[in-house]
>>> print(open('data-v5.cif').read())   # mmCIF, C-alpha atoms
data_protein
#
loop_
_atom_site.group_PDB
_atom_site.id
_atom_site.type_symbol
_atom_site.label_atom_id
_atom_site.label_comp_id
_atom_site.auth_asym_id
_atom_site.auth_seq_id
_atom_site.Cartn_x
_atom_site.Cartn_y
_atom_site.Cartn_z
ATOM 1 C CA MET A 1 202.030 95.259 117.587
ATOM 2 C CA THR A 2 201.996 92.366 115.141
ATOM 3 C CA ASN A 3 199.739 92.178 112.072
ATOM 4 C CA LYS A 4 199.124 88.489 112.659
ATOM 5 C CA VAL A 5 195.472 87.757 113.475
ATOM 6 C CA THR A 6 194.942 84.808 115.828
ATOM 7 C CA LYS A 7 192.022 85.927 118.016
ATOM 8 C CA ALA A 8 188.359 86.219 117.079
ATOM 9 C CA VAL A 9 185.393 87.738 118.888
ATOM 10 C CA LEU A 10 181.997 86.141 118.276
ATOM 11 C CA PRO A 11 179.089 88.240 119.606
ATOM 12 C CA VAL A 12 176.284 85.800 120.467
ATOM 13 C CA ALA A 13 174.389 87.588 123.236
ATOM 14 C CA GLY A 14 171.217 88.483 121.322
ATOM 15 C CA PHE A 15 167.727 87.152 122.107
ATOM 16 C CA GLY A 16 167.109 85.923 118.547
ATOM 17 C CA THR A 17 163.603 87.380 118.683
ATOM 18 C CA ARG A 18 163.012 86.947 114.950
ATOM 19 C CA PHE A 19 163.038 83.183 115.513
ATOM 20 C CA LEU A 20 160.728 82.986 118.494
ATOM 21 C CA PRO A 21 159.329 80.748 119.854
ATOM 22 C CA ALA A 22 162.199 78.405 118.872
ATOM 23 C CA THR A 23 164.785 80.695 120.474
ATOM 24 C CA LYS A 24 162.944 80.847 123.791
ATOM 25 C CA SER A 25 165.085 77.902 124.935
ATOM 26 C CA VAL A 26 167.485 77.305 122.023
ATOM 27 C CA PRO A 27 170.166 79.901 121.198
ATOM 28 C CA LYS A 28 169.754 81.092 117.621
ATOM 29 C CA GLU A 29 173.411 80.339 116.932
ATOM 30 C CA ILE A 30 172.855 76.593 117.259
ATOM 31 C CA LEU A 31 169.861 76.440 114.934
ATOM 32 C CA PRO A 32 170.953 73.988 112.219
ATOM 33 C CA LEU A 33 171.698 74.508 108.559
ATOM 34 C CA VAL A 34 171.083 70.950 107.385
ATOM 35 C CA ASP A 35 172.948 69.166 110.230
ATOM 36 C CA LYS A 36 175.447 71.800 111.402
ATOM 37 C CA PRO A 37 174.529 74.744 113.637
ATOM 38 C CA LEU A 38 175.128 78.282 112.430
ATOM 39 C CA ILE A 39 177.969 78.739 114.900
ATOM 40 C CA GLN A 40 179.850 75.740 113.473
ATOM 41 C CA TYR A 41 180.030 77.345 110.029
ATOM 42 C CA THR A 42 181.525 80.435 111.675
ATOM 43 C CA ILE A 43 184.059 78.410 113.669
ATOM 44 C CA ASP A 44 185.080 76.419 110.582
ATOM 45 C CA GLU A 45 185.647 79.662 108.659
ATOM 46 C CA ALA A 46 187.722 81.145 111.476
ATOM 47 C CA ARG A 47 189.851 78.025 111.826
ATOM 48 C CA ALA A 48 190.551 77.992 108.088
ATOM 49 C CA ALA A 49 191.841 81.564 108.458
ATOM 50 C CA GLY A 50 194.299 80.578 111.207
ATOM 51 C CA ILE A 51 192.325 81.743 114.246
ATOM 52 C CA LYS A 52 193.515 79.999 117.419
ATOM 53 C CA GLU A 53 191.598 81.769 120.203
ATOM 54 C CA PHE A 54 187.827 82.257 120.264
ATOM 55 C CA ILE A 55 186.102 84.768 122.526
ATOM 56 C CA PHE A 56 182.325 84.346 122.776
ATOM 57 C CA VAL A 57 180.379 87.318 124.089
ATOM 58 C CA THR A 58 177.320 85.655 125.603
ATOM 59 C CA SER A 59 174.412 86.390 127.931
ATOM 60 C CA ARG A 60 171.939 84.549 130.135
ATOM 61 C CA GLY A 61 170.235 81.632 128.451
ATOM 62 C CA LYS A 62 173.183 80.671 126.246
ATOM 63 C CA SER A 63 174.381 77.625 128.203
ATOM 64 C CA ALA A 64 173.394 75.282 125.355
ATOM 65 C CA LEU A 65 175.866 77.119 123.141
ATOM 66 C CA GLU A 66 178.654 76.536 125.652
ATOM 67 C CA ASP A 67 177.662 72.878 125.997
ATOM 68 C CA TYR A 68 177.889 72.421 122.236
ATOM 69 C CA PHE A 69 181.653 72.922 122.354
ATOM 70 C CA ASP A 70 182.110 70.772 125.454
ATOM 71 C CA GLY A 71 183.096 67.125 125.385
ATOM 72 C CA ALA A 72 180.428 64.411 125.156
ATOM 73 C CA PRO A 73 182.148 61.214 126.397
ATOM 74 C CA GLU A 74 178.981 59.098 126.656
ATOM 75 C CA LEU A 75 177.827 60.024 123.154
ATOM 76 C CA GLU A 76 181.282 59.378 121.719
ATOM 77 C CA ALA A 77 181.471 56.003 123.481
ATOM 78 C CA SER A 78 178.047 55.029 122.122
ATOM 79 C CA LEU A 79 179.061 55.941 118.567
ATOM 80 C CA ARG A 80 182.344 54.096 118.961
ATOM 81 C CA ASP A 81 180.620 50.967 120.265
ATOM 82 C CA GLY A 82 178.198 51.129 117.356
ATOM 83 C CA LYS A 83 181.110 51.531 114.909
ATOM 84 C CA LYS A 84 179.538 54.741 113.588
ATOM 85 C CA THR A 85 182.842 56.162 112.453
ATOM 86 C CA ALA A 86 181.371 58.762 110.077
ATOM 87 C CA LEU A 87 179.349 60.313 112.891
ATOM 88 C CA LEU A 88 182.393 60.252 115.165
ATOM 89 C CA GLU A 89 184.363 62.167 112.546
ATOM 90 C CA ALA A 90 181.546 64.712 112.214
ATOM 91 C CA LEU A 91 181.509 65.138 115.980
ATOM 92 C CA LYS A 92 185.214 65.993 115.975
ATOM 93 C CA GLN A 93 184.369 69.292 114.254
ATOM 94 C CA THR A 94 182.885 70.433 117.549
ATOM 95 C CA ASP A 95 186.066 69.741 119.517
ATOM 96 C CA MET A 96 187.817 72.839 120.835
ATOM 97 C CA GLU A 97 191.285 72.678 122.337
ATOM 98 C CA SER A 98 191.358 73.347 126.072
ATOM 99 C CA GLY A 99 192.014 77.022 126.648
ATOM 100 C CA ALA A 100 191.105 78.003 123.080
ATOM 101 C CA VAL A 101 187.608 79.199 124.048
ATOM 102 C CA ALA A 102 186.669 81.942 126.480
ATOM 103 C CA TYR A 103 183.233 83.238 127.394
ATOM 104 C CA VAL A 104 182.476 86.822 128.401
ATOM 105 C CA ARG A 105 179.048 87.973 129.575
ATOM 106 C CA GLN A 106 177.417 91.043 128.061
ATOM 107 C CA GLN A 107 175.223 91.877 131.037
ATOM 108 C CA GLU A 108 173.189 94.503 129.204
ATOM 109 C CA ARG A 109 172.457 94.495 125.496
ATOM 110 C CA ARG A 110 173.742 97.827 124.202
ATOM 111 C CA GLY A 111 174.640 96.941 120.631
ATOM 112 C CA LEU A 112 177.424 95.296 118.647
ATOM 113 C CA GLY A 113 180.025 97.884 119.631
ATOM 114 C CA HIS A 114 179.383 97.288 123.304
ATOM 115 C CA ALA A 115 179.538 93.502 122.802
ATOM 116 C CA VAL A 116 182.983 93.752 121.183
ATOM 117 C CA TRP A 117 184.139 96.130 123.932
ATOM 118 C CA CYS A 118 183.204 93.497 126.546
ATOM 119 C CA ALA A 119 186.014 91.293 125.167
ATOM 120 C CA ARG A 120 188.698 93.997 125.466
ATOM 121 C CA LYS A 121 190.671 92.443 128.339
ATOM 122 C CA LEU A 122 191.076 89.170 126.445
ATOM 123 C CA ILE A 123 192.187 90.810 123.204
ATOM 124 C CA GLY A 124 195.139 92.852 124.404
ATOM 125 C CA ASP A 125 197.196 95.003 122.058
ATOM 126 C CA GLU A 126 196.903 93.086 118.803
ATOM 127 C CA PRO A 127 194.597 93.023 115.786
ATOM 128 C CA PHE A 128 191.612 90.724 116.089
ATOM 129 C CA ALA A 129 188.758 89.430 113.992
ATOM 130 C CA VAL A 130 185.036 89.826 114.626
ATOM 131 C CA LEU A 131 182.640 87.330 113.056
ATOM 132 C CA LEU A 132 178.857 87.552 113.224
ATOM 133 C CA PRO A 133 177.315 84.056 113.061
ATOM 134 C CA ASP A 134 174.153 85.469 111.449
ATOM 135 C CA ASP A 135 176.173 85.997 108.277
ATOM 136 C CA VAL A 136 176.934 82.631 106.682
ATOM 137 C CA ILE A 137 179.171 82.997 103.645
ATOM 138 C CA ASP A 138 179.525 80.230 101.088
ATOM 139 C CA ALA A 139 182.881 80.662 99.342
ATOM 140 C CA ASP A 140 185.568 78.501 97.761
ATOM 141 C CA VAL A 141 188.098 80.331 99.954
ATOM 142 C CA PRO A 142 186.487 81.238 103.304
ATOM 143 C CA CYS A 143 185.744 84.948 103.613
ATOM 144 C CA LEU A 144 187.932 85.630 106.661
ATOM 145 C CA GLN A 145 190.819 83.781 105.031
ATOM 146 C CA GLN A 146 190.471 86.013 101.960
ATOM 147 C CA MET A 147 190.605 89.050 104.228
ATOM 148 C CA ILE A 148 193.629 87.922 106.230
ATOM 149 C CA GLU A 149 195.525 87.129 103.042
ATOM 150 C CA ASN A 150 194.962 90.752 101.954
ATOM 151 C CA TYR A 151 195.366 92.403 105.377
ATOM 152 C CA ARG A 152 198.288 94.802 105.733
ATOM 153 C CA GLY A 153 197.406 96.408 109.048
ATOM 154 C CA GLY A 154 194.857 98.903 110.286
ATOM 155 C CA ASN A 155 191.194 97.996 110.001
ATOM 156 C CA MET A 156 189.393 95.993 107.342
ATOM 157 C CA VAL A 157 185.682 95.329 106.869
ATOM 158 C CA ALA A 158 184.026 92.855 104.525
ATOM 159 C CA ALA A 159 181.746 94.566 102.028
ATOM 160 C CA MET A 160 179.150 93.763 99.404
ATOM 161 C CA GLU A 161 176.641 95.716 97.348
ATOM 162 C CA VAL A 162 173.040 95.613 98.556
ATOM 163 C CA PRO A 163 169.816 96.874 96.930
ATOM 164 C CA VAL A 164 169.335 100.607 97.419
ATOM 165 C CA GLU A 165 166.088 100.005 99.282
ATOM 166 C CA SER A 166 168.030 97.928 101.853
ATOM 167 C CA VAL A 167 170.806 100.402 102.748
ATOM 168 C CA SER A 168 168.935 101.600 105.841
ATOM 169 C CA SER A 169 169.559 98.170 107.393
ATOM 170 C CA TYR A 170 173.363 98.274 107.103
ATOM 171 C CA GLY A 171 176.502 100.202 107.832
ATOM 172 C CA ILE A 172 177.228 101.876 104.501
ATOM 173 C CA LEU A 173 180.649 102.822 103.097
ATOM 174 C CA ASP A 174 181.915 105.869 101.289
ATOM 175 C CA VAL A 175 184.703 104.577 99.038
ATOM 176 C CA ASP A 176 186.603 105.573 95.919
ATOM 177 C CA LYS A 177 185.415 103.922 92.744
ATOM 178 C CA ALA A 178 188.527 101.800 92.805
ATOM 179 C CA VAL A 179 189.006 98.627 90.836
ATOM 180 C CA GLY A 180 190.017 95.612 92.906
ATOM 181 C CA SER A 181 189.019 93.845 96.088
ATOM 182 C CA VAL A 182 190.619 96.246 98.617
ATOM 183 C CA MET A 183 189.261 99.794 98.700
ATOM 184 C CA PRO A 184 190.254 102.720 100.982
ATOM 185 C CA VAL A 185 187.278 103.935 103.015
ATOM 186 C CA ARG A 186 186.594 107.677 103.232
ATOM 187 C CA GLY A 187 183.601 107.401 105.533
ATOM 188 C CA MET A 188 181.053 105.108 107.145
ATOM 189 C CA VAL A 189 177.498 105.717 108.269
ATOM 190 C CA GLU A 190 175.244 103.345 110.201
ATOM 191 C CA LYS A 191 171.791 102.638 108.705
ATOM 192 C CA PRO A 192 171.364 105.785 106.608
ATOM 193 C CA LYS A 193 168.251 106.650 104.680
ATOM 194 C CA ALA A 194 168.569 105.675 101.030
ATOM 195 C CA GLU A 195 168.453 109.285 99.804
ATOM 196 C CA VAL A 196 171.516 110.302 101.847
ATOM 197 C CA ALA A 197 173.539 107.068 101.727
ATOM 198 C CA PRO A 198 177.020 107.554 100.241
ATOM 199 C CA SER A 199 176.757 104.281 98.279
ATOM 200 C CA ASN A 200 175.069 100.908 98.384
ATOM 201 C CA LEU A 201 178.259 99.155 99.537
ATOM 202 C CA ALA A 202 177.422 97.606 102.894
ATOM 203 C CA VAL A 203 179.512 96.279 105.753
ATOM 204 C CA ILE A 204 178.959 92.547 106.280
ATOM 205 C CA GLY A 205 179.644 90.647 109.497
ATOM 206 C CA ARG A 206 183.383 90.085 109.093
ATOM 207 C CA TYR A 207 185.958 92.515 110.479
ATOM 208 C CA ILE A 208 189.673 92.720 111.200
ATOM 209 C CA LEU A 209 190.208 95.477 113.730
ATOM 210 C CA ALA A 210 193.116 97.254 115.362
ATOM 211 C CA PRO A 211 193.135 97.729 119.169
ATOM 212 C CA ASN A 212 192.443 101.458 118.740
ATOM 213 C CA VAL A 213 188.843 100.544 117.947
ATOM 214 C CA LEU A 214 188.472 99.171 121.482
ATOM 215 C CA ARG A 215 189.738 102.460 122.882
ATOM 216 C CA ASN A 216 187.214 104.306 120.739
ATOM 217 C CA LEU A 217 184.489 102.103 122.176
ATOM 218 C CA GLU A 218 185.592 102.927 125.715
ATOM 219 C CA ASP A 219 183.962 106.348 125.598
ATOM 220 C CA ALA A 220 181.590 105.765 122.689
ATOM 221 C CA GLU A 221 178.228 107.456 122.705
ATOM 222 C CA THR A 222 175.070 105.709 121.613
ATOM 223 C CA GLY A 223 174.366 105.893 117.895
ATOM 224 C CA ALA A 224 171.718 104.561 115.546
ATOM 225 C CA GLY A 225 168.953 102.679 117.322
ATOM 226 C CA GLY A 226 170.144 103.933 120.715
ATOM 227 C CA GLU A 227 173.003 101.400 120.688
ATOM 228 C CA VAL A 228 176.793 101.582 120.770
ATOM 229 C CA GLN A 229 177.660 101.056 117.120
ATOM 230 C CA LEU A 230 180.850 99.293 116.069
ATOM 231 C CA THR A 231 180.638 101.206 112.786
ATOM 232 C CA ASP A 232 180.985 104.526 114.629
ATOM 233 C CA ALA A 233 184.132 103.353 116.433
ATOM 234 C CA ILE A 234 185.691 102.207 113.155
ATOM 235 C CA ALA A 235 184.733 105.476 111.467
ATOM 236 C CA ARG A 236 186.740 107.399 114.072
ATOM 237 C CA GLU A 237 189.843 105.587 112.819
ATOM 238 C CA ILE A 238 189.296 107.051 109.356
ATOM 239 C CA ALA A 239 189.571 110.565 110.730
ATOM 240 C CA ALA A 240 192.405 109.757 113.134
ATOM 241 C CA HIS A 241 194.616 107.442 111.087
ATOM 242 C CA ASN A 242 193.037 106.958 107.645
ATOM 243 C CA ASP A 243 193.610 103.215 107.992
ATOM 244 C CA VAL A 244 190.246 101.633 107.198
ATOM 245 C CA SER A 245 189.754 99.550 104.077
ATOM 246 C CA ALA A 246 186.820 97.653 102.618
ATOM 247 C CA PHE A 247 187.311 94.183 101.218
ATOM 248 C CA ARG A 248 184.996 92.998 98.467
ATOM 249 C CA PHE A 249 184.959 89.265 99.157
ATOM 250 C CA LYS A 250 184.215 86.471 96.722
ATOM 251 C CA GLY A 251 181.321 84.309 97.807
ATOM 252 C CA ARG A 252 177.605 84.263 98.518
ATOM 253 C CA ARG A 253 176.364 85.674 101.801
ATOM 254 C CA PHE A 254 173.195 84.483 103.513
ATOM 255 C CA ASP A 255 171.562 86.608 106.209
ATOM 256 C CA CYS A 256 170.603 83.828 108.595
ATOM 257 C CA GLY A 257 169.417 86.380 111.125
ATOM 258 C CA SER A 258 166.278 86.682 108.997
ATOM 259 C CA LYS A 259 163.780 83.940 108.232
ATOM 260 C CA PRO A 260 163.986 84.321 104.423
ATOM 261 C CA GLY A 261 167.796 84.278 104.517
ATOM 262 C CA TYR A 262 167.846 81.260 106.815
ATOM 263 C CA LEU A 263 165.479 79.343 104.527
ATOM 264 C CA GLN A 264 167.511 80.313 101.450
ATOM 265 C CA ALA A 265 170.691 79.078 103.125
ATOM 266 C CA THR A 266 169.005 75.825 104.095
ATOM 267 C CA VAL A 267 168.054 75.188 100.462
ATOM 268 C CA ALA A 268 171.474 76.172 99.119
ATOM 269 C CA PHE A 269 173.459 74.086 101.612
ATOM 270 C CA GLY A 270 171.052 71.174 101.289
ATOM 271 C CA LEU A 271 171.445 71.101 97.502
ATOM 272 C CA ALA A 272 175.231 71.258 97.910
ATOM 273 C CA ARG A 273 175.215 67.898 99.703
ATOM 274 C CA PRO A 274 175.561 65.073 97.130
ATOM 275 C CA GLU A 275 173.705 62.564 99.313
ATOM 276 C CA LEU A 276 170.718 64.909 99.651
ATOM 277 C CA ARG A 277 170.673 66.764 96.356
ATOM 278 C CA ASP A 278 168.579 64.532 94.071
ATOM 279 C CA GLU A 279 165.770 63.764 96.520
ATOM 280 C CA PHE A 280 165.675 67.352 97.791
ATOM 281 C CA LEU A 281 165.688 68.803 94.279
ATOM 282 C CA ASP A 282 162.818 66.544 93.229
ATOM 283 C CA PHE A 283 160.831 67.769 96.218
ATOM 284 C CA LEU A 284 161.564 71.432 95.462
ATOM 285 C CA ARG A 285 160.473 70.980 91.865
ATOM 286 C CA THR A 286 157.231 69.401 93.025
ATOM 287 C CA VAL A 287 156.583 72.213 95.479
ATOM 288 C CA SER A 288 157.396 74.834 92.858
ATOM 289 C CA GLN A 289 155.026 73.318 90.323
ATOM 290 C CA THR A 290 152.267 73.094 92.900
ATOM 291 C CA GLU A 291 152.733 76.680 94.062
ATOM 292 C CA LEU A 292 152.689 77.975 90.494
ATOM 293 C CA GLY A 293 149.682 75.899 89.580
ATOM 294 C CA ILE A 294 151.750 74.012 87.015
ATOM 295 C CA GLY A 295 150.916 70.614 88.428
ATOM 296 C CA SER A 296 147.166 71.152 88.192
ATOM 297 C CA LYS A 297 147.424 72.513 84.635
ATOM 298 C CA VAL A 298 149.429 69.517 83.505
ATOM 299 C CA ALA A 299 146.900 67.192 85.113
ATOM 300 C CA ALA A 300 144.024 69.041 83.418
ATOM 301 C CA ARG A 301 145.671 68.695 79.992
ATOM 302 C CA GLY A 302 146.224 65.014 80.579
#
>>> encode(input="data-v5.cif", output="structure tokens")
Amino acid sequence: MTNKVTKAVLPVAGFGTRFLPATKSVPKEILPLVDKPLIQYTIDEARAAGIKEFIFVTSRGKSALEDYFDGAPELEASLRDGKKTALLEALKQTDMESGAVAYVRQQERRGLGHAVWCARKLIGDEPFAVLLPDDVIDADVPCLQQMIENYRGGNMVAAMEVPVESVSSYGILDVDKAVGSVMPVRGMVEKPKAEVAPSNLAVIGRYILAPNVLRNLEDAETGAGGEVQLTDAIAREIAAHNDVSAFRFKGRRFDCGSKPGYLQATVAFGLARPELRDEFLDFLRTVSQTELGIGSKVAARG
């Protein structure tokens, strides 16, 4: 088995209920951050890390997601005829080499662990990455690239500290108080209550996993929330092989699976665009002053 990571699993089978009614007909993964869908940020990160094969775990109602990565000859011809070269270049980001993308159906939604298990026949006996499009990470060096550069085999999960009151929403790690970005993991627990959580270091939606995890998922029992938890399958590797590490990445993570996180990401990525920044910032300042009552106070003084 090689340590080289060239395959990635992208679980995208969820209903996206937190964004209804928009997600009734539009997959959540193609909701835009400025002018790029969430899934494009994930693909760009994976490509930067050297990923060559992409396995999407989908479900009914996700055909628009598949179409996004398909060719659009008429649109391209129209842009070419109109000499809209900048838009043509932007469209190239959506191009996927023939054979680089595969789609697997998760016919029943039984959790993240089950979704990853659905891709088992396309992964084979080699380490693979898992990326959750809900987690958009803004970093100078893309998060998965940071992980692969520090990966030495076994299993690695991206980690960050979260507020204590939020630990019950995450897989939480039991680690040594080690200094550095890579930390050996002694234990993992999915969505613990704050009073029994081993730490506030949470697993974020980036993983590099060994094939043994797929075998653990084969006979996995349901865990927290009545679902097959990927965290539980990884935790079994701690007991069996002691080969799980946490990677404290450098960057800012946005939880775009939640409305507040999605709005925060929209503001952050909008302000990062030079052609949008000044006008957008002026608007945000105006809104902020209005919301705080500053505008009316200034007017009253005048």
>>> resolve_selection(input="data-v5.cif", expression="the PyMOL selection byres ((chain A and resi 138) around 6)", output="MDAnalysis selection string")
chainID A and resid 137 139 251:252
>>> closest_residue(input="data-v5.cif", among="A:Gln40, A:Asp255, A:Leu209, A:Leu217", to="Tyr170 (chain A)", atoms="all atoms listed in the file")
A:Asp255
>>> resolve_selection(input="data-v5.cif", expression="the PyMOL selection byres ((chain A and resi 60-74) around 10)", output="PyMOL selection string")
chain A and resi 12-15+23-30+37+39-40+56+58-59+75-80+91-98+101-103+105-107
>>> closest_residue(input="data-v5.cif", among="A:Leu31, A:Val196, A:Leu20, A:Leu201", to="Val175 (chain A)", atoms="only C-alpha atoms")
A:Leu201
>>> atom_distance(input="data-v5.cif", atom1="CA of Phe254 (chain A)", atom2="CA of Ala194 (chain A)")
21.8 Å
>>> axis_aligned_box(input="data-v5.cif", around="region 91-100 of chain A", padding_each_side="8 Å", output="lines of an AutoDock Vina configuration file")
center_x = 186.8
center_y = 71.6
center_z = 120.5
size_x = 26.5
size_y = 28.9
size_z = 28.4
>>> closest_residue(input="data-v5.cif", among="A:Pro21, A:Gly111, A:Pro11, A:Gly124", to="Leu214 (chain A)", atoms="only C-alpha atoms")
A:Gly124
>>> residues_near_point(input="data-v5.cif", point="(187.6, 102.6, 117.7)", cutoff="8 Å", atoms="only C-alpha atoms", output="compact mmCIF listing (two decimals) with C-alpha atoms, in the coordinates of the input")
# COMPACT_ATOMS: atom_id res chain seq x y z
CA PRO A 211 193.14 97.73 119.17
CA ASN A 212 192.44 101.46 118.74
CA VAL A 213 188.84 100.54 117.95
CA LEU A 214 188.47 99.17 121.48
CA ARG A 215 189.74 102.46 122.88
CA ASN A 216 187.21 104.31 120.74
CA LEU A 217 184.49 102.10 122.18
CA LEU A 230 180.85 99.29 116.07
CA ASP A 232 180.98 104.53 114.63
CA ALA A 233 184.13 103.35 116.43
CA ILE A 234 185.69 102.21 113.16
CA ALA A 235 184.73 105.48 111.47
CA ARG A 236 186.74 107.40 114.07
CA GLU A 237 189.84 105.59 112.82
>>> residues_around(input="data-v5.cif", residues="region 146-154 of chain A", least_positions_apart="3", cutoff="10 Å", atoms="all atoms listed in the file", output="short mmCIF file (atom, residue, chain, number, x, y, z; two decimals) with C-alpha atoms, in the coordinates of the input")
data_model
loop_
_atom_site.label_atom_id
_atom_site.label_comp_id
_atom_site.auth_asym_id
_atom_site.auth_seq_id
_atom_site.Cartn_x
_atom_site.Cartn_y
_atom_site.Cartn_z
CA MET A 1 202.03 95.26 117.59
CA THR A 2 202.00 92.37 115.14
CA ASN A 3 199.74 92.18 112.07
CA LYS A 4 199.12 88.49 112.66
CA VAL A 5 195.47 87.76 113.48
CA ALA A 49 191.84 81.56 108.46
CA GLY A 50 194.30 80.58 111.21
CA PRO A 127 194.60 93.02 115.79
CA ALA A 129 188.76 89.43 113.99
CA ALA A 139 182.88 80.66 99.34
CA ASP A 140 185.57 78.50 97.76
CA VAL A 141 188.10 80.33 99.95
CA PRO A 142 186.49 81.24 103.30
CA CYS A 143 185.74 84.95 103.61
CA VAL A 157 185.68 95.33 106.87
CA ALA A 158 184.03 92.86 104.52
CA SER A 181 189.02 93.84 96.09
CA VAL A 182 190.62 96.25 98.62
CA ARG A 206 183.38 90.08 109.09
CA TYR A 207 185.96 92.52 110.48
CA ILE A 208 189.67 92.72 111.20
CA LEU A 209 190.21 95.48 113.73
CA ALA A 210 193.12 97.25 115.36
CA PRO A 211 193.14 97.73 119.17
CA ASN A 212 192.44 101.46 118.74
CA VAL A 213 188.84 100.54 117.95
CA GLU A 237 189.84 105.59 112.82
CA ILE A 238 189.30 107.05 109.36
CA HIS A 241 194.62 107.44 111.09
CA ASN A 242 193.04 106.96 107.64
CA ASP A 243 193.61 103.22 107.99
CA VAL A 244 190.25 101.63 107.20
CA SER A 245 189.75 99.55 104.08
CA ALA A 246 186.82 97.65 102.62
CA PHE A 247 187.31 94.18 101.22
CA ARG A 248 185.00 93.00 98.47
CA PHE A 249 184.96 89.26 99.16
CA LYS A 250 184.22 86.47 96.72
#
>>> closest_residue(input="data-v5.cif", among="A:Gln289, A:Asp174, A:Ala22, A:Glu227", to="Glu108 (chain A)", atoms="only C-alpha atoms")
A:Glu227
>>> resolve_selection(input="data-v5.cif", expression="the PyMOL selection byres ((chain A and resi 167) around 12)", output="mmCIF file with C-alpha atoms, in the frame of the given file")
data_model
loop_
_atom_site.group_PDB
_atom_site.id
_atom_site.type_symbol
_atom_site.label_atom_id
_atom_site.label_comp_id
_atom_site.auth_asym_id
_atom_site.auth_seq_id
_atom_site.Cartn_x
_atom_site.Cartn_y
_atom_site.Cartn_z
ATOM 1 C CA MET A 160 179.150 93.763 99.404
ATOM 2 C CA GLU A 161 176.641 95.716 97.348
ATOM 3 C CA VAL A 162 173.040 95.613 98.556
ATOM 4 C CA PRO A 163 169.816 96.874 96.930
ATOM 5 C CA VAL A 164 169.335 100.607 97.419
ATOM 6 C CA GLU A 165 166.088 100.005 99.282
ATOM 7 C CA SER A 166 168.030 97.928 101.853
ATOM 8 C CA SER A 168 168.935 101.600 105.841
ATOM 9 C CA SER A 169 169.559 98.170 107.393
ATOM 10 C CA TYR A 170 173.363 98.274 107.103
ATOM 11 C CA GLY A 171 176.502 100.202 107.832
ATOM 12 C CA ILE A 172 177.228 101.876 104.501
ATOM 13 C CA LEU A 173 180.649 102.822 103.097
ATOM 14 C CA VAL A 189 177.498 105.717 108.269
ATOM 15 C CA GLU A 190 175.244 103.345 110.201
ATOM 16 C CA LYS A 191 171.791 102.638 108.705
ATOM 17 C CA PRO A 192 171.364 105.785 106.608
ATOM 18 C CA LYS A 193 168.251 106.650 104.680
ATOM 19 C CA ALA A 194 168.569 105.675 101.030
ATOM 20 C CA GLU A 195 168.453 109.285 99.804
ATOM 21 C CA VAL A 196 171.516 110.302 101.847
ATOM 22 C CA ALA A 197 173.539 107.068 101.727
ATOM 23 C CA PRO A 198 177.020 107.554 100.241
ATOM 24 C CA SER A 199 176.757 104.281 98.279
ATOM 25 C CA ASN A 200 175.069 100.908 98.384
ATOM 26 C CA LEU A 201 178.259 99.155 99.537
ATOM 27 C CA ALA A 202 177.422 97.606 102.894
ATOM 28 C CA VAL A 203 179.512 96.279 105.753
ATOM 29 C CA ILE A 204 178.959 92.547 106.280
#
>>> atom_distance(input="data-v5.cif", atom1="CA of Ile43 (chain A)", atom2="CA of Phe269 (chain A)")
16.6 Å
>>> closest_residue(input="data-v5.cif", among="A:Ser288, A:Asp134, A:Val9, A:Gly180", to="Lys121 (chain A)", atoms="all atoms listed in the file")
A:Val9
>>> residues_near_point(input="data-v5.cif", point="(168.4, 75.9, 107.5)", cutoff="6 Å", atoms="all atoms listed in the file", output="VMD selection string")
chain A and resid 32 to 34 262 to 263 265 to 266
>>> atom_distance(input="data-v5.cif", atom1="CA of Ala86 (chain A)", atom2="CA of Ala268 (chain A)")
22.8 Å
>>> closest_residue(input="data-v5.cif", among="A:Phe280, A:Leu88, A:Glu53, A:Val130", to="Gly113 (chain A)", atoms="only C-alpha atoms")
A:Val130
>>> build_atoms(input="data-v5.cif", residues="region 274-279 of chain A", atoms="N, CA, C and O atoms", output="short mmCIF file (atom, residue, chain, number, x, y, z; two decimals), in the frame of the given file")
data_model
loop_
_atom_site.label_atom_id
_atom_site.label_comp_id
_atom_site.auth_asym_id
_atom_site.auth_seq_id
_atom_site.Cartn_x
_atom_site.Cartn_y
_atom_site.Cartn_z
N PRO A 274 175.84 66.08 98.16
CA PRO A 274 175.56 65.07 97.13
C PRO A 274 174.55 64.01 97.57
O PRO A 274 173.72 63.56 96.76
N GLU A 275 174.60 63.63 98.85
CA GLU A 275 173.70 62.56 99.31
C GLU A 275 172.27 63.04 99.50
O GLU A 275 171.35 62.22 99.66
N LEU A 276 172.05 64.35 99.47
CA LEU A 276 170.72 64.91 99.65
C LEU A 276 170.15 65.53 98.38
O LEU A 276 168.94 65.69 98.25
N ARG A 277 171.04 65.90 97.46
CA ARG A 277 170.67 66.76 96.36
C ARG A 277 169.50 66.23 95.52
O ARG A 277 168.52 66.94 95.31
N ASP A 278 169.59 65.02 95.03
CA ASP A 278 168.58 64.53 94.07
C ASP A 278 167.19 64.48 94.69
O ASP A 278 166.21 64.97 94.10
N GLU A 279 167.08 63.88 95.87
CA GLU A 279 165.77 63.76 96.52
C GLU A 279 165.22 65.14 96.89
O GLU A 279 164.03 65.43 96.71
#
